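Novice: I am attaching a structure below and will ask some questions about it afterwards.
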Amino acid sequence: MTNTLVAQASDKSNDLNEKIQDFFNKVNDLMSWVPDFLSYLIEPIKQGMQALAQKVQEFWDRITQLFEQPGDSDKLRETSDKWATEVGDKAGEIAGDINLQKLKANVEWTGKAAEAYKALVPAQGDGLSSVKLMAMQIRTSLNSLASALDAFWLAIGVALGVFVVGAVGAIAAACTVVGIPAAIGAIATAAGVSIGLVTTAIISMNSFTTTIETEQTAIKQKITDLGDKWSRSDQDLADGSVSDGDGSDWKVNQ
């Protein structure tokens, strides 16, 4: 499913393309009525139209690339929510359960094995709490990227809208051969302004994605620092029986 802002920009792009084609068709139609012996009079118009065509092509070259890889802010937000609910919240719940105050083993039992287990629990809880923290940071990062993507496509929509308005005005001005030069100037100005807006939006997005990349690299390092192994005691908890008579036996607190 296409993001709403991208879809709106696409609609404006299609509308703009139609308006530009209408303008070129109208100008060509008017110039076709000029007699050959007066063709020198419209030579400046032909040159202006060629320059305009180049400007319009420059604009489409920039816009087409954007629509080829538009991104999806909705999917980013959906993924960020999953990081929060399916990773962060669940890790937090488990961390809350792995808490010395909630475990009876170290209260109702004593002995070396009980002490070793008691020392192990905080590290396991801290590890899970760190997982939750990382998940929430990833959620924030993805949401920030989604918001930047929305702002980018909103800016592209504005740029297209500016061009559409200029094209409509140019079509209205090109009602006579005499009015064509002014019309060319109007639409060329609109094209220039739109290209500037698109360029600014791209620069801003590139800058933000660089910031996000740095942020996510830092998060990745934190995840690496967490390690990939569950905290375990260096004591032999497996020998923590209640009956074999060695020093690691569990004993009931009286």
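Simple scheme: letters A, B, ... for chains in structure tokens order, numbers from 1 for residues in each chain, numbers from 1 for ligands in the order shown.
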Can you tell me, as a ChimeraX atom specification, what residues are no more than 9 Å from Gly161 (chain A) when counting only C-alpha atoms, ignoring any on the same chain fewer than 4 positions away?
Specialist: /A:9,12-13,16,156-157,165-166,194
Novice: Go ahead and save the picked residues with all heavy atoms, as an mmCIF file, in the first residue's frame.
Specialist:
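See out_35.cif below for the written result:
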```cif
data_model
loop_
_atom_site.group_PDB
_atom_site.id
_atom_site.type_symbol
_atom_site.label_atom_id
_atom_site.label_comp_id
_atom_site.auth_asym_id
_atom_site.auth_seq_id
_atom_site.Cartn_x
_atom_site.Cartn_y
_atom_site.Cartn_z
ATOM 1 N N ALA A 9 1.727 13.179 -3.836
ATOM 2 C CA ALA A 9 2.785 13.750 -4.676
ATOM 3 C C ALA A 9 2.733 13.155 -6.079
ATOM 4 O O ALA A 9 2.940 13.859 -7.077
ATOM 5 C CB ALA A 9 4.147 13.492 -4.041
ATOM 6 N N LYS A 12 -0.014 14.822 -8.027
ATOM 7 C CA LYS A 12 0.397 16.162 -8.464
ATOM 8 C C LYS A 12 1.389 16.072 -9.620
ATOM 9 O O LYS A 12 1.362 16.903 -10.537
ATOM 10 C CB LYS A 12 1.020 16.922 -7.293
ATOM 11 C CG LYS A 12 0.023 17.352 -6.219
ATOM 12 C CD LYS A 12 0.713 18.104 -5.099
ATOM 13 C CE LYS A 12 -0.292 18.533 -4.033
ATOM 14 N NZ LYS A 12 0.366 19.252 -2.917
ATOM 15 N N SER A 13 2.241 15.055 -9.562
ATOM 16 C CA SER A 13 3.217 14.858 -10.637
ATOM 17 C C SER A 13 2.512 14.564 -11.955
ATOM 18 O O SER A 13 2.873 15.116 -13.006
ATOM 19 C CB SER A 13 4.158 13.701 -10.273
ATOM 20 O OG SER A 13 5.051 13.436 -11.321
ATOM 21 N N LEU A 16 0.854 17.735 -13.139
ATOM 22 C CA LEU A 16 1.851 18.658 -13.684
ATOM 23 C C LEU A 16 2.275 18.237 -15.089
ATOM 24 O O LEU A 16 2.396 19.077 -15.989
ATOM 25 C CB LEU A 16 3.066 18.709 -12.768
ATOM 26 C CG LEU A 16 4.252 19.542 -13.270
ATOM 27 C CD1 LEU A 16 3.836 20.991 -13.483
ATOM 28 C CD2 LEU A 16 5.415 19.451 -12.286
ATOM 29 N N ILE A 156 8.135 17.787 -1.288
ATOM 30 C CA ILE A 156 8.076 17.459 -2.711
ATOM 31 C C ILE A 156 6.695 17.804 -3.266
ATOM 32 O O ILE A 156 6.561 18.325 -4.385
ATOM 33 C CB ILE A 156 8.384 15.967 -2.954
ATOM 34 C CG1 ILE A 156 9.817 15.644 -2.530
ATOM 35 C CG2 ILE A 156 8.174 15.598 -4.422
ATOM 36 C CD1 ILE A 156 10.881 16.437 -3.237
ATOM 37 N N GLY A 157 5.665 17.532 -2.482
ATOM 38 C CA GLY A 157 4.304 17.887 -2.897
ATOM 39 C C GLY A 157 4.147 19.381 -3.093
ATOM 40 O O GLY A 157 3.496 19.834 -4.048
ATOM 41 N N VAL A 165 0.900 25.420 -10.428
ATOM 42 C CA VAL A 165 0.327 26.770 -10.467
ATOM 43 C C VAL A 165 0.987 27.596 -11.571
ATOM 44 O O VAL A 165 0.317 28.310 -12.331
ATOM 45 C CB VAL A 165 0.506 27.468 -9.099
ATOM 46 C CG1 VAL A 165 0.117 28.939 -9.194
ATOM 47 C CG2 VAL A 165 -0.335 26.772 -8.042
ATOM 48 N N GLY A 166 2.307 27.486 -11.669
ATOM 49 C CA GLY A 166 3.018 28.222 -12.724
ATOM 50 C C GLY A 166 2.618 27.767 -14.110
ATOM 51 O O GLY A 166 2.467 28.586 -15.027
ATOM 52 N N SER A 194 10.693 25.329 -8.266
ATOM 53 C CA SER A 194 10.390 23.948 -7.884
ATOM 54 C C SER A 194 11.662 23.116 -7.767
ATOM 55 O O SER A 194 11.811 22.318 -6.835
ATOM 56 C CB SER A 194 9.445 23.316 -8.910
ATOM 57 O OG SER A 194 8.203 23.996 -8.931
#
```
Novice: Nearest to Gln124 (chain A) among A:Glu68, A:Gly169, A:Ile195, A:Ala91, with distances taken over only C-alpha atoms: which residue is it?
Specialist: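 Checking each of A:Glu68, A:Gly169, A:Ile195, A:Ala91 against Gln124 (chain A), counting only C-alpha atoms, the winner is A:Ala91.
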Novice: Find the residues near Ala188 (chain A): any atom within 12 Å, counting only C-alpha atoms, skip ones fewer than 2 places away on the same chain, and give them as an mmCIF file with N, CA, C and O atoms, in the first residue's frame.
Specialist:
```cif
data_model
loop_
_atom_site.group_PDB
_atom_site.id
_atom_site.type_symbol
_atom_site.label_atom_id
_atom_site.label_comp_id
_atom_site.auth_asym_id
_atom_site.auth_seq_id
_atom_site.Cartn_x
_atom_site.Cartn_y
_atom_site.Cartn_z
ATOM 1 N N ILE A 20 2.023 20.638 -18.375
ATOM 2 C CA ILE A 20 3.186 20.999 -19.184
ATOM 3 C C ILE A 20 2.967 20.604 -20.642
ATOM 4 O O ILE A 20 3.284 21.366 -21.568
ATOM 5 N N PHE A 23 0.699 23.032 -22.231
ATOM 6 C CA PHE A 23 1.375 24.286 -22.553
ATOM 7 C C PHE A 23 2.175 24.157 -23.848
ATOM 8 O O PHE A 23 2.061 25.008 -24.748
ATOM 9 N N GLY A 48 13.433 29.929 -26.701
ATOM 10 C CA GLY A 48 12.926 29.927 -25.323
ATOM 11 C C GLY A 48 12.276 28.606 -24.961
ATOM 12 O O GLY A 48 12.439 28.100 -23.841
ATOM 13 N N MET A 49 11.560 28.014 -25.915
ATOM 14 C CA MET A 49 10.908 26.726 -25.681
ATOM 15 C C MET A 49 11.935 25.614 -25.520
ATOM 16 O O MET A 49 11.764 24.690 -24.710
ATOM 17 N N GLN A 50 13.019 25.683 -26.272
ATOM 18 C CA GLN A 50 14.073 24.683 -26.145
ATOM 19 C C GLN A 50 14.734 24.763 -24.765
ATOM 20 O O GLN A 50 15.003 23.739 -24.124
ATOM 21 N N ALA A 51 14.992 25.995 -24.338
ATOM 22 C CA ALA A 51 15.588 26.182 -23.012
ATOM 23 C C ALA A 51 14.627 25.694 -21.928
ATOM 24 O O ALA A 51 15.043 25.076 -20.936
ATOM 25 N N LEU A 52 13.337 25.974 -22.125
ATOM 26 C CA LEU A 52 12.337 25.533 -21.166
ATOM 27 C C LEU A 52 12.272 24.010 -21.122
ATOM 28 O O LEU A 52 12.164 23.412 -20.047
ATOM 29 N N ALA A 53 12.344 23.380 -22.286
ATOM 30 C CA ALA A 53 12.299 21.917 -22.346
ATOM 31 C C ALA A 53 13.451 21.314 -21.542
ATOM 32 O O ALA A 53 13.287 20.300 -20.847
ATOM 33 N N GLN A 54 14.628 21.932 -21.614
ATOM 34 C CA GLN A 54 15.776 21.449 -20.856
ATOM 35 C C GLN A 54 15.550 21.608 -19.356
ATOM 36 O O GLN A 54 15.879 20.731 -18.559
ATOM 37 N N LYS A 55 14.952 22.739 -18.987
ATOM 38 C CA LYS A 55 14.674 22.998 -17.574
ATOM 39 C C LYS A 55 13.647 22.001 -17.035
ATOM 40 O O LYS A 55 13.795 21.468 -15.926
ATOM 41 N N VAL A 56 12.631 21.745 -17.839
ATOM 42 C CA VAL A 56 11.597 20.787 -17.442
ATOM 43 C C VAL A 56 12.197 19.386 -17.314
ATOM 44 O O VAL A 56 11.893 18.641 -16.376
ATOM 45 N N GLN A 57 13.080 19.020 -18.239
ATOM 46 C CA GLN A 57 13.719 17.698 -18.177
ATOM 47 C C GLN A 57 14.577 17.560 -16.937
ATOM 48 O O GLN A 57 14.612 16.494 -16.302
ATOM 49 N N GLU A 58 15.258 18.640 -16.578
ATOM 50 C CA GLU A 58 16.066 18.638 -15.348
ATOM 51 C C GLU A 58 15.180 18.356 -14.138
ATOM 52 O O GLU A 58 15.545 17.580 -13.242
ATOM 53 N N PHE A 59 14.021 18.981 -14.149
ATOM 54 C CA PHE A 59 13.075 18.780 -13.048
ATOM 55 C C PHE A 59 12.617 17.323 -12.992
ATOM 56 O O PHE A 59 12.639 16.684 -11.936
ATOM 57 N N VAL A 162 3.736 24.116 -6.664
ATOM 58 C CA VAL A 162 4.216 25.404 -7.184
ATOM 59 C C VAL A 162 4.348 25.364 -8.699
ATOM 60 O O VAL A 162 3.952 26.289 -9.414
ATOM 61 N N PHE A 163 4.882 24.263 -9.201
ATOM 62 C CA PHE A 163 5.073 24.108 -10.637
ATOM 63 C C PHE A 163 3.722 24.041 -11.352
ATOM 64 O O PHE A 163 3.536 24.614 -12.436
ATOM 65 N N VAL A 164 2.759 23.345 -10.751
ATOM 66 C CA VAL A 164 1.423 23.241 -11.351
ATOM 67 C C VAL A 164 0.791 24.615 -11.497
ATOM 68 O O VAL A 164 0.222 24.963 -12.545
ATOM 69 N N VAL A 165 0.900 25.420 -10.428
ATOM 70 C CA VAL A 165 0.327 26.770 -10.467
ATOM 71 C C VAL A 165 0.987 27.596 -11.571
ATOM 72 O O VAL A 165 0.317 28.310 -12.331
ATOM 73 N N GLY A 166 2.307 27.486 -11.669
ATOM 74 C CA GLY A 166 3.018 28.222 -12.724
ATOM 75 C C GLY A 166 2.618 27.767 -14.110
ATOM 76 O O GLY A 166 2.467 28.586 -15.027
ATOM 77 N N ALA A 167 2.425 26.459 -14.265
ATOM 78 C CA ALA A 167 2.023 25.927 -15.566
ATOM 79 C C ALA A 167 0.631 26.393 -15.956
ATOM 80 O O ALA A 167 0.375 26.747 -17.117
ATOM 81 N N GLY A 169 -0.843 29.146 -14.981
ATOM 82 C CA GLY A 169 -0.740 30.559 -15.336
ATOM 83 C C GLY A 169 -0.129 30.756 -16.715
ATOM 84 O O GLY A 169 -0.552 31.632 -17.477
ATOM 85 N N ALA A 170 0.860 29.924 -17.033
ATOM 86 C CA ALA A 170 1.512 30.037 -18.344
ATOM 87 C C ALA A 170 0.551 29.668 -19.471
ATOM 88 O O ALA A 170 0.546 30.305 -20.525
ATOM 89 N N ILE A 180 3.278 34.574 -25.607
ATOM 90 C CA ILE A 180 4.077 33.373 -25.359
ATOM 91 C C ILE A 180 5.375 33.658 -24.608
ATOM 92 O O ILE A 180 5.717 32.931 -23.660
ATOM 93 N N PRO A 181 6.161 34.678 -24.978
ATOM 94 C CA PRO A 181 7.408 34.933 -24.235
ATOM 95 C C PRO A 181 7.194 35.096 -22.743
ATOM 96 O O PRO A 181 7.966 34.561 -21.928
ATOM 97 N N ALA A 182 6.155 35.844 -22.379
ATOM 98 C CA ALA A 182 5.867 36.034 -20.954
ATOM 99 C C ALA A 182 5.460 34.719 -20.309
ATOM 100 O O ALA A 182 5.839 34.419 -19.160
ATOM 101 N N ALA A 183 4.709 33.902 -21.055
ATOM 102 C CA ALA A 183 4.278 32.610 -20.541
ATOM 103 C C ALA A 183 5.474 31.689 -20.319
ATOM 104 O O ALA A 183 5.553 30.971 -19.310
ATOM 105 N N ILE A 184 6.407 31.723 -21.270
ATOM 106 C CA ILE A 184 7.620 30.904 -21.121
ATOM 107 C C ILE A 184 8.391 31.337 -19.874
ATOM 108 O O ILE A 184 8.870 30.516 -19.096
ATOM 109 N N GLY A 185 8.485 32.650 -19.677
ATOM 110 C CA GLY A 185 9.179 33.173 -18.500
ATOM 111 C C GLY A 185 8.508 32.729 -17.213
ATOM 112 O O GLY A 185 9.181 32.360 -16.242
ATOM 113 N N ALA A 186 7.169 32.725 -17.223
ATOM 114 C CA ALA A 186 6.421 32.346 -16.024
ATOM 115 C C ALA A 186 6.645 30.881 -15.665
ATOM 116 O O ALA A 186 6.915 30.538 -14.506
ATOM 117 N N ALA A 190 8.677 29.113 -12.498
ATOM 118 C CA ALA A 190 8.056 28.095 -11.644
ATOM 119 C C ALA A 190 8.924 26.844 -11.595
ATOM 120 O O ALA A 190 9.100 26.236 -10.528
ATOM 121 N N ALA A 191 9.475 26.459 -12.751
ATOM 122 C CA ALA A 191 10.349 25.283 -12.803
ATOM 123 C C ALA A 191 11.589 25.497 -11.940
ATOM 124 O O ALA A 191 12.002 24.611 -11.189
ATOM 125 N N GLY A 192 12.187 26.690 -12.045
ATOM 126 C CA GLY A 192 13.377 26.992 -11.262
ATOM 127 C C GLY A 192 13.112 26.960 -9.765
ATOM 128 O O GLY A 192 13.894 26.402 -8.989
ATOM 129 N N VAL A 193 11.989 27.549 -9.365
ATOM 130 C CA VAL A 193 11.618 27.554 -7.943
ATOM 131 C C VAL A 193 11.391 26.123 -7.460
ATOM 132 O O VAL A 193 11.845 25.733 -6.372
ATOM 133 N N SER A 194 10.693 25.329 -8.266
ATOM 134 C CA SER A 194 10.390 23.948 -7.884
ATOM 135 C C SER A 194 11.662 23.116 -7.767
ATOM 136 O O SER A 194 11.811 22.318 -6.835
ATOM 137 N N ILE A 195 12.570 23.290 -8.710
ATOM 138 C CA ILE A 195 13.843 22.568 -8.652
ATOM 139 C C ILE A 195 14.596 22.944 -7.381
ATOM 140 O O ILE A 195 15.193 22.089 -6.714
#
```
Novice: Of the candidates A:Ala155, A:Val177, A:Val131, A:Ala172, which shows the shortest atom-to-atom distance to Ser39 (chain A), using only C-alpha atoms?
Specialist: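 Using only C-alpha atoms, Ser39 (chain A) sits closest to A:Val177.
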Novice: As a ChimeraX atom specification, please: every residue in region 124-247 of chain A that DSSP puts in alpha helix (DSSP H).
Specialist: /A:124-173,180-226
Novice: Report as a VMD selection string all protein, DNA and RNA residues lying within 10 Å of Ile219 (chain A), evaluated on only C-alpha atoms, omitting residues in the same chain fewer than 6 positions from it.
Specialist: chain A and resid 134 to 135 137 to 138 141 213 225
Novice: Could the residues in this selection be written to a file with N, CA, C and O atoms, as a CSV table (one decimal), in the first residue's frame?
Specialist:
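part-v4.csv written:
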```csv
chain,number,residue,atom,x,y,z
A,134,MET,N,17.4,-0.8,24.5
A,134,MET,CA,17.8,-0.8,23.1
A,134,MET,C,16.6,-0.8,22.1
A,134,MET,O,16.6,-0.1,21.1
A,135,ALA,N,15.6,-1.6,22.5
A,135,ALA,CA,14.4,-1.7,21.6
A,135,ALA,C,13.7,-0.4,21.6
A,135,ALA,O,13.2,0.0,20.5
A,137,GLN,N,15.0,2.6,22.0
A,137,GLN,CA,15.8,3.5,21.2
A,137,GLN,C,15.7,3.3,19.7
A,137,GLN,O,15.7,4.2,18.9
A,138,ILE,N,15.6,2.0,19.4
A,138,ILE,CA,15.4,1.7,17.9
A,138,ILE,C,14.0,2.2,17.5
A,138,ILE,O,13.9,2.7,16.4
A,141,SER,N,14.3,5.9,16.9
A,141,SER,CA,15.1,6.2,15.7
A,141,SER,C,14.2,5.9,14.5
A,141,SER,O,14.2,6.8,13.6
A,213,GLU,N,21.8,7.4,10.6
A,213,GLU,CA,22.8,6.3,10.4
A,213,GLU,C,23.8,6.2,11.5
A,213,GLU,O,24.1,5.2,12.0
A,225,ASP,N,27.6,-4.9,22.5
A,225,ASP,CA,28.2,-4.9,23.8
A,225,ASP,C,27.4,-5.7,24.8
A,225,ASP,O,27.9,-6.2,25.8
```
